[in-house]
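Structure file target_9.csv (CSV, C-alpha atoms) follows.
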chain,number,residue,atom,x,y,z
A,1,MET,CA,-56.7,92.5,-20.3
A,2,SER,CA,-57.0,92.7,-24.1
A,3,GLY,CA,-60.8,92.3,-24.6
A,4,ASP,CA,-61.5,88.9,-23.1
A,5,ASP,CA,-57.8,87.9,-23.4
A,6,VAL,CA,-55.4,88.1,-20.6
A,7,MET,CA,-51.8,89.2,-21.2
A,8,PHE,CA,-48.9,88.7,-18.8
A,9,ALA,CA,-45.2,88.1,-18.8
A,10,ILE,CA,-43.1,85.6,-16.9
A,11,ASN,CA,-39.4,85.3,-16.1
A,12,ILE,CA,-37.7,81.9,-16.3
A,13,PRO,CA,-34.7,81.2,-14.1
A,14,GLN,CA,-33.2,78.7,-16.5
A,15,GLU,CA,-30.7,77.0,-14.3
A,16,SER,CA,-33.1,76.0,-11.5
A,17,VAL,CA,-36.7,76.0,-12.7
A,18,VAL,CA,-36.8,72.4,-13.8
A,19,ILE,CA,-35.7,71.0,-10.3
A,20,PRO,CA,-39.2,70.8,-8.7
A,21,GLU,CA,-40.9,69.1,-11.7
A,22,THR,CA,-38.0,66.6,-12.0
A,23,ILE,CA,-38.6,65.6,-8.4
A,24,ASP,CA,-42.3,65.3,-9.2
A,25,GLY,CA,-41.2,62.9,-11.9
A,26,ILE,CA,-39.5,60.6,-9.3
A,27,ARG,CA,-42.7,60.6,-7.3
A,28,ALA,CA,-44.7,59.6,-10.3
A,29,ALA,CA,-42.4,57.0,-11.7
A,30,LEU,CA,-42.0,55.2,-8.4
A,31,GLU,CA,-45.7,55.8,-7.5
A,32,MET,CA,-44.7,57.5,-4.2
A,33,GLN,CA,-47.9,59.5,-4.4
A,34,SER,CA,-50.9,58.6,-6.6
A,35,ASP,CA,-52.5,62.0,-6.4
A,36,ARG,CA,-51.1,65.0,-8.3
A,37,LEU,CA,-51.5,67.6,-5.6
A,38,ASP,CA,-50.1,65.2,-2.9
A,39,ALA,CA,-47.0,64.7,-5.0
A,40,VAL,CA,-46.3,68.4,-6.0
A,41,GLY,CA,-47.2,69.3,-2.4
A,42,MET,CA,-44.5,67.0,-1.0
A,43,THR,CA,-41.9,68.4,-3.4
A,44,ASN,CA,-42.9,71.9,-2.6
A,45,ARG,CA,-42.8,71.3,1.2
A,46,TYR,CA,-39.3,69.9,1.1
A,47,LEU,CA,-38.0,72.7,-1.2
A,48,GLY,CA,-39.4,75.4,1.0
A,49,MET,CA,-42.0,76.6,-1.5
A,50,ALA,CA,-45.3,77.8,0.2
B,1,MET,CA,-40.9,53.2,4.6
B,2,ASN,CA,-37.4,53.2,3.2
B,3,SER,CA,-36.1,56.3,1.4
B,4,VAL,CA,-36.2,56.1,-2.4
B,5,LYS,CA,-32.6,56.0,-3.7
B,6,VAL,CA,-31.7,58.5,-6.4
B,7,GLY,CA,-28.6,59.0,-8.5
B,8,VAL,CA,-27.7,61.9,-10.8
B,9,ALA,CA,-25.8,61.5,-14.1
B,10,GLY,CA,-24.0,64.6,-15.1
B,11,TYR,CA,-23.0,67.0,-12.3
B,12,GLY,CA,-23.3,70.2,-14.4
B,13,VAL,CA,-25.6,73.3,-14.3
B,14,ILE,CA,-28.7,71.2,-13.8
B,15,GLY,CA,-27.2,68.1,-12.2
B,16,GLN,CA,-25.7,69.9,-9.2
B,17,ARG,CA,-29.1,71.5,-8.5
B,18,LEU,CA,-31.0,68.3,-8.9
B,19,ALA,CA,-28.7,66.7,-6.4
B,20,ASP,CA,-29.3,69.4,-3.8
B,21,GLY,CA,-33.1,69.4,-4.5
B,22,VAL,CA,-33.3,65.6,-4.0
B,23,ALA,CA,-31.2,65.8,-0.8
B,24,ARG,CA,-33.8,68.1,0.6
B,25,GLN,CA,-36.6,65.5,0.1
B,26,GLY,CA,-37.2,63.7,3.4
B,27,ASP,CA,-38.4,60.6,1.6
B,28,MET,CA,-35.5,60.4,-0.8
B,29,GLU,CA,-31.8,59.7,-0.6
B,30,LEU,CA,-29.2,61.1,-2.9
B,31,VAL,CA,-26.9,58.1,-3.3
B,32,GLY,CA,-24.3,59.6,-5.6
B,33,VAL,CA,-23.6,61.7,-8.7
B,34,ALA,CA,-21.6,60.7,-11.8
B,35,ASP,CA,-19.4,62.8,-14.1
B,36,VAL,CA,-16.5,62.4,-16.5
B,37,ALA,CA,-14.2,65.3,-15.6
B,38,PRO,CA,-13.1,67.7,-12.8
B,39,THR,CA,-15.2,70.6,-14.1
B,40,LEU,CA,-16.0,73.6,-11.9
B,41,PRO,CA,-19.1,72.0,-10.3
B,42,VAL,CA,-17.1,68.8,-9.5
B,43,GLN,CA,-14.3,70.9,-8.0
B,44,ALA,CA,-16.8,72.8,-5.9
B,45,LEU,CA,-18.3,69.4,-4.8
B,46,ALA,CA,-14.8,68.3,-3.6
B,47,GLU,CA,-14.1,71.6,-1.9
B,48,ARG,CA,-17.4,71.3,-0.1
B,49,GLY,CA,-16.1,68.1,1.4
B,50,MET,CA,-18.0,65.7,-0.9
B,51,PRO,CA,-21.5,66.0,0.4
B,52,TYR,CA,-22.3,63.4,-2.3
B,53,ARG,CA,-20.2,60.5,-3.5
B,54,LEU,CA,-18.9,60.9,-7.1
B,55,PHE,CA,-18.8,58.0,-9.5
B,56,ALA,CA,-16.8,58.0,-12.7
B,57,ALA,CA,-19.3,57.9,-15.6
B,58,THR,CA,-16.7,56.3,-17.9
B,59,PRO,CA,-13.7,54.1,-17.2
B,60,ASP,CA,-11.2,56.5,-18.7
B,61,SER,CA,-12.4,59.4,-16.5
B,62,VAL,CA,-11.2,57.8,-13.2
B,63,THR,CA,-7.6,58.9,-13.7
B,64,ARG,CA,-8.6,62.3,-14.9
B,65,LEU,CA,-10.7,62.8,-11.7
B,66,GLU,CA,-8.3,61.3,-9.2
B,67,ASP,CA,-5.3,63.3,-10.7
B,68,ALA,CA,-7.3,66.4,-10.0
B,69,GLY,CA,-7.7,65.3,-6.4
B,70,ILE,CA,-11.4,64.3,-6.7
B,71,PRO,CA,-12.3,61.2,-4.7
B,72,VAL,CA,-14.0,58.6,-6.9
B,73,SER,CA,-16.3,56.0,-5.2
B,74,GLY,CA,-16.7,53.7,-8.2
B,75,GLY,CA,-17.9,53.4,-11.7
B,76,PHE,CA,-21.2,54.1,-13.4
B,77,ASP,CA,-22.4,50.6,-13.0
B,78,ASP,CA,-21.7,50.7,-9.2
B,79,LEU,CA,-24.0,53.8,-8.9
B,80,LEU,CA,-26.7,52.1,-11.0
B,81,GLY,CA,-26.5,49.1,-8.7
B,82,GLU,CA,-27.4,51.2,-5.7
B,83,VAL,CA,-30.3,53.3,-7.0
B,84,ASP,CA,-34.0,53.0,-7.7
B,85,ILE,CA,-34.0,55.8,-10.2
B,86,MET,CA,-31.5,58.0,-12.1
B,87,LEU,CA,-31.9,61.7,-12.9
B,88,ASP,CA,-30.1,62.1,-16.2
B,89,ALA,CA,-28.6,65.6,-16.6
B,90,ALA,CA,-25.9,64.7,-19.1
B,91,PRO,CA,-25.4,66.7,-22.3
B,92,GLY,CA,-28.0,66.1,-25.1
B,93,GLY,CA,-27.3,62.8,-26.9
B,94,VAL,CA,-25.4,61.3,-23.9
B,95,GLY,CA,-28.7,60.6,-22.1
B,96,ALA,CA,-29.8,58.3,-24.9
B,97,LYS,CA,-26.5,56.3,-24.6
B,98,ASN,CA,-27.0,56.2,-20.8
B,99,LYS,CA,-30.5,54.8,-21.3
B,100,GLU,CA,-29.0,51.6,-22.6
B,101,LYS,CA,-27.2,51.2,-19.3
B,102,TYR,CA,-30.4,52.1,-17.3
B,103,VAL,CA,-32.4,49.4,-19.2
B,104,ALA,CA,-29.7,46.8,-18.7
B,105,ALA,CA,-29.6,47.6,-14.9
B,106,GLY,CA,-33.4,47.7,-14.6
B,107,VAL,CA,-33.2,51.2,-13.3
B,108,LYS,CA,-35.9,53.9,-14.0
B,109,ALA,CA,-34.9,57.4,-15.2
B,110,VAL,CA,-36.0,61.0,-15.7
B,111,PHE,CA,-34.4,62.8,-18.6
B,112,GLN,CA,-34.2,66.6,-19.1
B,113,GLY,CA,-35.8,68.5,-22.0
B,114,GLY,CA,-32.6,68.6,-24.1
B,115,GLU,CA,-32.7,64.9,-24.8
B,116,ALA,CA,-34.4,63.7,-28.0
B,117,GLY,CA,-38.1,62.6,-27.6
B,118,GLU,CA,-37.8,58.9,-28.2
B,119,VAL,CA,-35.8,58.3,-25.1
B,120,ALA,CA,-38.8,58.4,-22.8
B,121,ASP,CA,-42.3,56.8,-22.4
B,122,VAL,CA,-43.9,60.0,-21.4
B,123,PHE,CA,-43.4,63.8,-21.6
B,124,PHE,CA,-44.0,65.0,-18.1
B,125,HIS,CA,-45.0,68.1,-16.1
B,126,GLY,CA,-45.8,67.6,-12.4
B,127,TYR,CA,-48.7,70.0,-12.3
B,128,ALA,CA,-50.2,69.4,-15.8
B,129,ASN,CA,-50.1,65.7,-16.3
B,130,TYR,CA,-48.8,63.9,-13.2
B,131,LYS,CA,-51.1,60.9,-13.7
B,132,ASP,CA,-49.5,60.2,-17.1
B,133,GLY,CA,-46.1,59.6,-15.4
B,134,LEU,CA,-47.4,57.1,-12.7
B,135,GLY,CA,-45.4,53.9,-12.8
B,136,CYS,CA,-43.6,54.8,-16.0
B,137,ASP,CA,-40.0,53.7,-16.4
B,138,TYR,CA,-38.6,56.6,-18.4
B,139,LEU,CA,-39.9,60.1,-18.2
B,140,LYS,CA,-38.8,63.2,-20.0
B,141,LEU,CA,-39.1,66.7,-18.5
B,142,THR,CA,-40.2,69.7,-20.5
B,143,SER,CA,-37.4,72.3,-21.2
B,144,CYS,CA,-36.9,75.2,-18.8
B,145,ASN,CA,-39.1,77.7,-20.7
B,146,THR,CA,-41.9,75.1,-21.3
B,147,THR,CA,-41.8,74.1,-17.6
B,148,GLY,CA,-42.4,77.6,-16.4
B,149,LEU,CA,-44.9,78.4,-19.2
B,150,ILE,CA,-47.0,75.3,-18.4
B,151,ARG,CA,-47.1,76.2,-14.7
B,152,THR,CA,-49.0,79.4,-15.6
B,153,ILE,CA,-51.2,78.1,-18.4
B,154,ASP,CA,-52.1,75.0,-16.4
B,155,CYS,CA,-52.9,77.3,-13.4
B,156,LEU,CA,-55.3,79.4,-15.4
B,157,ASP,CA,-56.7,76.4,-17.2
B,158,ARG,CA,-57.7,74.9,-13.9
B,159,THR,CA,-59.4,78.1,-12.8
B,160,VAL,CA,-61.0,79.7,-15.9
B,161,GLY,CA,-60.1,77.2,-18.7
B,162,ILE,CA,-57.7,78.2,-21.5
B,163,GLU,CA,-58.8,77.8,-25.1
B,164,LYS,CA,-55.8,79.3,-26.9
B,165,THR,CA,-52.5,81.2,-26.2
B,166,ALA,CA,-49.9,83.0,-28.2
B,167,ILE,CA,-46.5,83.7,-26.7
B,168,THR,CA,-43.2,85.4,-27.4
B,169,ILE,CA,-40.1,83.9,-25.8
B,170,ILE,CA,-37.3,86.3,-25.2
B,171,ARG,CA,-34.6,83.8,-24.7
B,172,ARG,CA,-31.2,84.2,-23.0
B,173,SER,CA,-28.7,82.9,-25.4
B,174,ALA,CA,-26.2,81.4,-22.9
B,175,ASP,CA,-25.9,80.5,-19.2
B,176,PRO,CA,-23.5,82.6,-17.1
B,177,GLY,CA,-20.0,81.5,-17.9
B,178,ASP,CA,-20.8,79.9,-21.3
B,179,ILE,CA,-18.7,81.1,-24.2
B,180,HIS,CA,-19.3,78.3,-26.7
B,181,ARG,CA,-22.1,80.4,-28.3
B,182,GLY,CA,-19.7,83.2,-28.8
B,183,LEU,CA,-19.9,86.8,-27.8
B,184,VAL,CA,-23.0,88.0,-29.6
B,185,ASP,CA,-24.6,91.4,-30.4
B,186,SER,CA,-27.7,90.6,-32.4
B,187,LEU,CA,-31.3,89.3,-32.0
B,188,GLN,CA,-32.0,86.0,-33.7
B,189,ILE,CA,-35.6,84.9,-34.4
B,190,GLU,CA,-36.5,81.2,-34.7
B,191,ALA,CA,-39.0,79.6,-37.1
B,192,ILE,CA,-42.6,79.7,-35.9
B,193,PRO,CA,-44.0,77.9,-34.0
B,194,ASN,CA,-41.3,77.6,-31.3
B,195,HIS,CA,-40.8,74.0,-29.9
B,196,GLN,CA,-42.1,75.2,-26.5
B,197,VAL,CA,-45.7,75.7,-27.7
B,198,VAL,CA,-45.5,72.4,-29.7
B,199,ASP,CA,-44.4,70.7,-26.4
B,200,LEU,CA,-47.2,72.5,-24.4
B,201,MET,CA,-49.8,71.1,-26.8
B,202,LYS,CA,-48.5,67.6,-26.4
B,203,ILE,CA,-49.1,67.9,-22.6
B,204,MET,CA,-52.2,70.1,-22.9
B,205,PRO,CA,-53.8,69.0,-26.2
B,206,HIS,CA,-57.0,71.0,-25.6
B,207,VAL,CA,-55.1,74.3,-25.8
B,208,ASP,CA,-54.3,75.8,-29.2
B,209,ALA,CA,-50.9,77.4,-28.8
B,210,THR,CA,-48.5,79.3,-31.1
B,211,GLY,CA,-45.5,81.5,-30.6
B,212,LEU,CA,-42.2,83.2,-31.5
B,213,LEU,CA,-38.8,82.8,-30.0
B,214,ILE,CA,-36.1,85.5,-30.1
B,215,HIS,CA,-32.5,84.8,-28.9
B,216,THR,CA,-31.0,87.8,-27.0
B,217,PRO,CA,-27.5,88.3,-25.9
B,218,VAL,CA,-28.2,88.0,-22.1
B,219,THR,CA,-27.6,85.2,-19.6
B,220,HIS,CA,-29.7,85.7,-16.5
B,221,GLY,CA,-33.2,84.4,-17.3
B,222,HIS,CA,-35.6,84.2,-20.2
B,223,ILE,CA,-38.8,86.3,-20.4
B,224,ILE,CA,-41.9,85.0,-22.0
B,225,THR,CA,-44.9,87.3,-22.9
B,226,ILE,CA,-48.2,85.4,-23.0
B,227,VAL,CA,-51.6,86.2,-24.4
B,228,ALA,CA,-54.2,83.6,-23.3
B,229,THR,CA,-57.9,83.3,-24.2
B,230,PRO,CA,-59.9,82.0,-21.2
B,231,LYS,CA,-63.0,79.9,-21.7
B,232,ASP,CA,-64.9,81.7,-18.9
B,233,LYS,CA,-64.8,85.5,-18.7
B,234,THR,CA,-62.2,86.6,-16.2
B,235,THR,CA,-60.6,89.7,-14.7
B,236,LYS,CA,-57.1,90.8,-14.0
B,237,GLU,CA,-57.9,90.4,-10.3
B,238,GLU,CA,-59.0,86.8,-10.7
B,239,VAL,CA,-55.9,86.0,-12.7
B,240,LEU,CA,-53.6,87.5,-10.1
B,241,GLU,CA,-55.4,85.7,-7.3
B,242,ALA,CA,-54.9,82.3,-9.1
B,243,PHE,CA,-51.2,83.1,-9.6
B,244,LEU,CA,-50.7,84.3,-6.0
B,245,ALA,CA,-52.2,81.1,-4.7
B,246,HIS,CA,-49.8,78.9,-6.8
B,247,PRO,CA,-46.8,77.6,-4.8
B,248,ARG,CA,-44.5,77.6,-7.8
B,249,ILE,CA,-45.4,81.0,-9.3
B,250,ARG,CA,-44.0,84.2,-7.7
B,251,VAL,CA,-45.9,87.4,-8.5
B,252,VAL,CA,-43.8,90.6,-8.6
B,253,ARG,CA,-44.5,94.2,-9.5
B,254,ILE,CA,-42.5,96.4,-11.9
B,255,ALA,CA,-43.2,99.3,-9.5
B,256,ASP,CA,-41.4,97.4,-6.7
B,257,GLY,CA,-38.2,97.3,-8.7
B,258,PHE,CA,-38.7,94.0,-10.6
B,259,ASN,CA,-38.2,95.5,-14.0
B,260,THR,CA,-35.4,93.3,-15.5
B,261,ASN,CA,-34.7,89.6,-15.8
B,262,THR,CA,-31.6,90.4,-13.7
B,263,SER,CA,-33.7,91.9,-10.9
B,264,LEU,CA,-35.1,88.5,-10.1
B,265,PHE,CA,-31.6,86.9,-10.2
B,266,ASN,CA,-30.3,89.6,-7.9
B,267,TYR,CA,-33.3,89.3,-5.5
B,268,ALA,CA,-32.7,85.6,-5.1
B,269,ARG,CA,-29.1,86.4,-4.2
B,270,PHE,CA,-30.2,89.1,-1.8
B,271,LEU,CA,-32.5,86.6,-0.1
B,272,GLY,CA,-29.4,84.4,0.4
B,273,HIS,CA,-30.7,81.6,-1.8
B,274,GLY,CA,-28.0,79.0,-2.7
B,275,ARG,CA,-26.5,79.8,-6.1
B,276,GLY,CA,-28.8,82.8,-6.4
B,277,ASP,CA,-31.5,80.4,-7.5
B,278,MET,CA,-35.3,80.6,-7.6
B,279,TYR,CA,-37.2,77.4,-8.3
Output the file's structure as structure tokens, nothing else.
Amino acid sequence: MSGDDVMFAINIPQESVVIPETIDGIRAALEMQSDRLDAVGMTNRYLGMA
Amino acid sequence: MNSVKVGVAGYGVIGQRLADGVARQGDMELVGVADVAPTLPVQALAERGMPYRLFAATPDSVTRLEDAGIPVSGGFDDLLGEVDIMLDAAPGGVGAKNKEKYVAAGVKAVFQGGEAGEVADVFFHGYANYKDGLGCDYLKLTSCNTTGLIRTIDCLDRTVGIEKTAITIIRRSADPGDIHRGLVDSLQIEAIPNHQVVDLMKIMPHVDATGLLIHTPVTHGHIITIVATPKDKTTKEEVLEAFLAHPRIRVVRIADGFNTNTSLFNYARFLGHGRGDMY
């Protein structure tokens, strides 16, 4: 923490990080799920992400 | 319910991973991929026994592909005729040309971050603004850095609220195997603000964001440092708890050996992940 601010660092695996959100995009465009958490949850489930 | 039919344009660094990711979705079917040449990813596809059909993205690429022993299942229009939606992972600029074909074929598409903004109806991030993409014909994804960055800012925003953030992106200057950017030995700083924070503010307009970007001569992953001001007072423990609970954020400790960008790339390989990838 820096006063009330939080500081952190993240690593971005540039070749693969966009895959889950792109699949979310399919779900949104084709209205496969209308709820945000249902959609990302389905993508996560099939990609083996907890 | 029938599977949604998906095609991928451009079987490169991103396209090959999109194909595998879609193939893992039980409610989607990867119909085929399109490319113009027998590049290494295309050669690997053939050597793997063509798990996906390959379509020639341009008429003149058929001979080039077949001469290299790559089976071609048809032309770009044939692929478009079979799909509900295309994932466009073609080089920047090519996507805009492909869009004309998508429009003509009445096919929806998701473009990657490298394509110019006007190509899509909405700038999209699954966690931050899913609703904005509902029913849209053409979506554009945020770039790799922006996608990862928004996962964390959106995560904290939904727990403690985020008023403002300032970031530094330490950017890998090329992907493994790229030499078109030359063999470099210097740090190059971009004009402030970097496009990633500008893009973040388009998707999360209530957050005031700024930041630097520095190109560094490495290949295996960017690092972003982030300072964020929460609306509600919070603690390190509460922040860690939020990140630990998020399915697309992996929390690691420097003390456990995760002290370089390459440590995460290596760890994914040690876990046996395909291509040494982490999502």
Residue among A:Gly41, A:Pro13, A:Gly48, A:Gly3 lying closest to chain B, counting only C-alpha atoms: A:Pro13
Of the listed residues B:Lys233, B:Lys5, B:His206, B:Arg64, that which approaches chain A most closely, counting only C-alpha atoms: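 Nearest candidate to chain A out of B:Lys233, B:Lys5, B:His206, B:Arg64: B:Lys233.
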Non-local contacts of Leu54 of chain B (6 Å; all atoms listed in the file; under 4 positions in same chain excluded) as a VMD selection string: chain B and resid 32 to 34 72 to 73
Contact residues around Glu15 of chain A with all atoms listed in the file at 9 Å, ignoring same-chain residues under 5 positions, as a PyMOL selection string: chain B and resi 13-14+17+144+175+221+277-279
Considering all atoms listed in the file, give me a table of residues in chain B that are at most 6 Å from chain A, with the closest atom pair and distance in Å for each, as a tab-separated table.
residue	atom	partner	partner_atom	distance
B:Leu18	CA	A:Ile19	CA	5.6
B:Arg24	CA	A:Tyr46	CA	5.8
B:Gln25	CA	A:Tyr46	CA	5.3
B:Gly126	CA	A:Glu21	CA	5.2
B:Tyr130	CA	A:Arg36	CA	5.5
B:Gly133	CA	A:Ala28	CA	5.3
B:Leu134	CA	A:Ala28	CA	4.4
B:Gly135	CA	A:Ala29	CA	4.5
B:Cys136	CA	A:Ala29	CA	5.0
B:Cys144	CA	A:Gln14	CA	5.6
B:Gly221	CA	A:Pro13	CA	4.8
B:His222	CA	A:Ile12	CA	5.0
B:Ile223	CA	A:Asn11	CA	4.5
B:Ile224	CA	A:Ile10	CA	5.3
B:Thr225	CA	A:Ala9	CA	4.2
B:Ile226	CA	A:Phe8	CA	5.4
B:Val227	CA	A:Met7	CA	4.4
B:Ala228	CA	A:Val6	CA	5.4
B:Thr229	CA	A:Asp5	CA	4.7
B:Pro247	CA	A:Ala50	CA	5.2
B:Tyr279	CA	A:Val17	CA	4.6
Spatial neighbours of segment 79-87 of chain B, max dist 6 Å, only C-alpha atoms, sep filter under 5 positions, as a ChimeraX atom specification: /B:5-8,107-110
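With only C-alpha atoms as the atoms that count, the residue of B:Pro205, B:Gly148, B:Gly114, B:Pro193 with the shortest distance to Lys164 of chain B is B:Pro205.
When atom CA of Glu115 of chain B is paired with atom CA of Gly95 of chain B, their separation reads 6.5 Å.
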Computed interatomic separation between atom CA of Arg172 of chain B and atom CA of Asp185 of chain B (Å): 12.3 Å
Contact residues around segment 208-218 of chain B with all atoms listed in the file at 7 Å, ignoring same-chain residues under 4 positions, as a list in words: Glu163, Lys164, Thr165, Ala166, Ile167, Thr168, Ile169, Ile170, Arg171, Arg172, Ser173, Ala174, Val184, Asp185, Ser186, Leu187, Gln188, Ile189, Glu190, Ile192, Pro193, Asn194, Val197 and Met201 of chain B
Among listed residues B:Phe111, B:Glu29, B:Ala56, B:His220, nearest Asp178 of chain B (using all atoms listed in the file):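 Nearest candidate to Asp178 of chain B out of B:Phe111, B:Glu29, B:Ala56, B:His220: B:His220.
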Atom pair atom CA of Val122 of chain B / atom CA of Asp27 of chain B: separation (Å):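 Spanning atom CA of Val122 of chain B to atom CA of Asp27 of chain B is a straight-line distance of 23.7 Å.
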Contact residues around Ser61 of chain B with only C-alpha atoms at 7 Å, ignoring same-chain residues under 4 positions, as a PyMOL selection string: chain B and resi 36-37+56+65
